[in-house]
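Chemist: Got a structure for you, questions after.
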Amino acid sequence: MAIIKPAFSTTASLVLIVINLCQLIHGSYADYSSGWQNAHATFYGGSDATGTMGGACGYGNLYSQGYGTSTAALSTALFNNGLTCGACFEMRCNADPKWCLSGTITVTATNFCPPNPALSNDNGGWCNPPLQHFDLAEPAFLQIAQYKAGIVPVSFRRVPCVRKGGIRFTINGHSYFNLVLITNVAGVGDVHAVSIKGSKTGWQTMSRNWGQNWQSNTYLNGQSLSFMVTASDGKTVTSNNVVPANWQFGQTFEGGQF
């Protein structure tokens with residue numbers, strides 16, 4: 001995946017920041033002060049985690065995106081309709097000495113674990129509301145529990161995400177339908193508002209299409225593009241002219257970072 005890295009700026013438009021902060025009201029904020037919470041964890045995706053590729057966050061190939069096998073699908077109670085995509089969680093197996101292994105792991109939310117109302121919450125319906133549940137990539141699960149356990153109690157907490165390089169913007173779609181996938185976000189990790197500006201336009205608020213795919217219906221072909229990304233903690237990074245005017249659909253560009 002070729003990534004183009006133009007210069008960026010952290011200077012943001014005050015008006016757009018206010019607009020983006022207003023959009024955050026209906027989302028959840030990362031809270032690192034709440035301490036450890038209880039949940040359960042299972043695993044999926046096979047020993048090489050190939051079954052975890054794609055997913056409800058839209059990240060596609062988790063290897064090439066840099067997330068690797070340290071990933072998790074979240075239950076409804078944690079997924080927040082996709083707004084939690086990209087958030088990081090530290091986790092440890094808890095109170096099951098028969099199956100637990102020592103140590104902790106840090107995983108990124110990359111997928112949704114759907115509910116199964118046909119099964120009871122304590123017998124297969126692990127991701128049913130209101131349960132907090134992590135369906136881990138198998139290699140991640142095996143770092144904290146034995147394979148035969150199948151499901152284990154865990155303690156978890158939100159932690160800052162550590163990423164290499166800047167935020168990545170992959171432009172898909174077509175003219176009048178720009179679908180921008182946002183990945184590799186550090187800090188709290190989960191993006192709650194995005195704005196875009198062409199070299200011939202002002203700042204425009206994007207709508208979230210699904211997962212971390214953000215949509216603009218403005219004709220932006222042949223224009224250099226800037227992005228303003230606001231995370232769940234209200235912090236904003238602006239990447240000015242991160243995309244050159246000769247961009248093509250399917251390309252990925254790298255901007256600033258939290």
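Identifiers for the structure tokens are assigned positionally: chains receive A, B, ... in sequence, residues are indexed from 1 per chain, and ligands are indexed from 1 in the order shown.
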List every residue of segment 101-207 of chain A that DSSP, applied to the backbone of this structure, places in strand (DSSP E or B), and write the result as a PyMOL selection string.
Modeler: chain A and resi 105-112+133-137+145+152-159+161+168-174+177-183+187+191-198+204-205+207
Chemist: Residues of the last selection are to be written out with C-alpha atoms, as a CSV table (one decimal), in the first residue's frame.
Modeler:
chain,number,residue,atom,x,y,z
A,105,ILE,CA,-2.5,-7.6,25.9
A,106,THR,CA,-3.5,-4.4,24.0
A,107,VAL,CA,-6.0,-4.8,21.2
A,108,THR,CA,-7.6,-2.4,18.7
A,109,ALA,CA,-11.4,-2.5,18.0
A,110,THR,CA,-11.7,-3.5,14.3
A,111,ASN,CA,-14.9,-5.4,14.1
A,112,PHE,CA,-18.4,-5.9,15.5
A,133,HIS,CA,-17.7,-8.8,25.3
A,134,PHE,CA,-14.6,-9.0,23.2
A,135,ASP,CA,-14.2,-11.6,20.4
A,136,LEU,CA,-10.5,-11.5,20.0
A,137,ALA,CA,-8.3,-12.6,17.1
A,145,ALA,CA,-5.7,-17.8,28.0
A,152,VAL,CA,-12.8,-16.5,29.8
A,153,PRO,CA,-13.6,-13.7,32.1
A,154,VAL,CA,-11.4,-10.6,31.5
A,155,SER,CA,-10.7,-7.2,33.0
A,156,PHE,CA,-10.2,-4.4,30.5
A,157,ARG,CA,-9.6,-0.6,30.3
A,158,ARG,CA,-9.2,2.0,27.6
A,159,VAL,CA,-5.6,3.0,26.9
A,161,CYS,CA,-3.2,3.9,21.0
A,168,ARG,CA,-3.9,7.7,6.9
A,169,PHE,CA,-6.6,8.7,4.5
A,170,THR,CA,-7.6,6.2,1.8
A,171,ILE,CA,-9.9,7.8,-0.9
A,172,ASN,CA,-12.4,5.5,-2.4
A,173,GLY,CA,-15.7,6.0,-4.3
A,174,HIS,CA,-16.1,8.2,-7.4
A,177,PHE,CA,-19.1,10.4,-3.8
A,178,ASN,CA,-15.8,10.6,-1.9
A,179,LEU,CA,-15.6,7.8,0.7
A,180,VAL,CA,-12.5,8.3,2.9
A,181,LEU,CA,-11.3,5.5,5.1
A,182,ILE,CA,-9.4,6.8,8.1
A,183,THR,CA,-6.9,4.5,9.8
A,187,GLY,CA,-4.3,8.8,21.0
A,191,VAL,CA,-12.7,9.3,15.3
A,192,HIS,CA,-16.0,11.0,15.9
A,193,ALA,CA,-16.0,13.9,13.4
A,194,VAL,CA,-14.2,14.6,10.1
A,195,SER,CA,-14.2,17.7,7.8
A,196,ILE,CA,-12.7,18.0,4.4
A,197,LYS,CA,-11.6,21.1,2.4
A,198,GLY,CA,-10.7,21.2,-1.3
A,204,GLN,CA,-17.2,20.9,4.9
A,205,THR,CA,-18.4,18.4,7.5
A,207,SER,CA,-20.9,12.2,7.3
Chemist: Please report, as a tab-separated table, each residue of segment 31-128 of chain A lying at most 6 Å from segment 210-228 of chain A, together with the nearest pair of atoms and the separation in Å rounded to one decimal; use only C-alpha atoms, and order rows by chain and ascending residue number.
Modeler:
residue	atom	partner	partner_atom	distance
A:Ala56	CA	A:Gly211	CA	5.8
A:Cys57	CA	A:Gly211	CA	3.8
A:Gly58	CA	A:Gly211	CA	5.5
A:Gly82	CA	A:Gly211	CA	4.9
Chemist: Create the file for the chosen residues now, containing C-alpha atoms and written as a compact mmCIF listing (two decimals), in the first residue's frame.
Modeler:
# COMPACT_ATOMS: atom_id res chain seq x y z
CA ALA A 56 -17.48 -3.76 10.37
CA CYS A 57 -14.94 -0.95 10.84
CA GLY A 58 -13.96 -1.07 7.17
CA GLY A 82 -19.03 1.83 14.94
Chemist: Please extract the residues of segment 32-256 of chain A with a backbone DSSP assignment of alpha helix (DSSP H) and present them as a VMD selection string.
Modeler: chain A and resid 76 to 79 138 to 141
Chemist: Those same residues, written as a PDB file, in the first residue's frame with N, CA and C atoms?
Modeler:
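And here's part08.pdb as it stands now:
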ATOM      1  N   THR A  76     -22.313  -5.190  21.093  1.00  0.00           N
ATOM      2  CA  THR A  76     -23.125  -3.983  20.927  1.00  0.00           C
ATOM      3  C   THR A  76     -22.867  -2.965  22.023  1.00  0.00           C
ATOM      4  N   ALA A  77     -22.715  -3.438  23.254  1.00  0.00           N
ATOM      5  CA  ALA A  77     -22.535  -2.544  24.398  1.00  0.00           C
ATOM      6  C   ALA A  77     -21.253  -1.728  24.307  1.00  0.00           C
ATOM      7  N   LEU A  78     -20.271  -2.199  23.547  1.00  0.00           N
ATOM      8  CA  LEU A  78     -18.987  -1.524  23.420  1.00  0.00           C
ATOM      9  C   LEU A  78     -18.783  -0.870  22.055  1.00  0.00           C
ATOM     10  N   PHE A  79     -19.458  -1.389  21.024  1.00  0.00           N
ATOM     11  CA  PHE A  79     -19.180  -0.984  19.648  1.00  0.00           C
ATOM     12  C   PHE A  79     -19.664   0.428  19.331  1.00  0.00           C
ATOM     13  N   GLU A 138      -7.636 -14.899  17.318  1.00  0.00           N
ATOM     14  CA  GLU A 138      -7.125 -16.054  18.058  1.00  0.00           C
ATOM     15  C   GLU A 138      -5.709 -15.853  18.606  1.00  0.00           C
ATOM     16  N   PRO A 139      -4.752 -15.312  17.832  1.00  0.00           N
ATOM     17  CA  PRO A 139      -3.410 -15.126  18.404  1.00  0.00           C
ATOM     18  C   PRO A 139      -3.400 -14.211  19.624  1.00  0.00           C
ATOM     19  N   ALA A 140      -4.291 -13.224  19.660  1.00  0.00           N
ATOM     20  CA  ALA A 140      -4.357 -12.336  20.825  1.00  0.00           C
ATOM     21  C   ALA A 140      -4.922 -13.081  22.030  1.00  0.00           C
ATOM     22  N   PHE A 141      -5.981 -13.852  21.808  1.00  0.00           N
ATOM     23  CA  PHE A 141      -6.593 -14.623  22.893  1.00  0.00           C
ATOM     24  C   PHE A 141      -5.584 -15.565  23.532  1.00  0.00           C
TER      25      PHE A 141
END
Chemist: Can you work out the spacing between atom CA of Cys85 of chain A and atom CA of Gly189 of chain A in Å, to one decimal?
Modeler: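 Atom-to-atom, atom CA of Cys85 of chain A and atom CA of Gly189 of chain A are spaced 7.7 Å apart.
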Chemist: If you measure from atom CA of Val229 of chain A to atom CA of Ile167 of chain A, what distance in Å do you get, rounded to one decimal?
Modeler: 9.0 Å
Chemist: Could you jot down the atom CA of Glu254 of chain A to atom CA of Tyr59 of chain A separation for me, Å, one decimal place?
Modeler: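 Going from atom CA of Glu254 of chain A over to atom CA of Tyr59 of chain A, I get 15.4 Å.
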Chemist: Ranking A:Phe258, A:Trp203, A:Trp99, A:Phe249 by minimum distance to Thr236 of chain A and counting only C-alpha atoms, which one comes first?
Modeler: A:Phe258
Chemist: Residues at most 9 Å from Gln146 of chain A, counting only C-alpha atoms, excluding those fewer than 6 positions away in the same chain, as a list in words?
Modeler: Lys98, Trp99, Cys100 and Leu101 of chain A
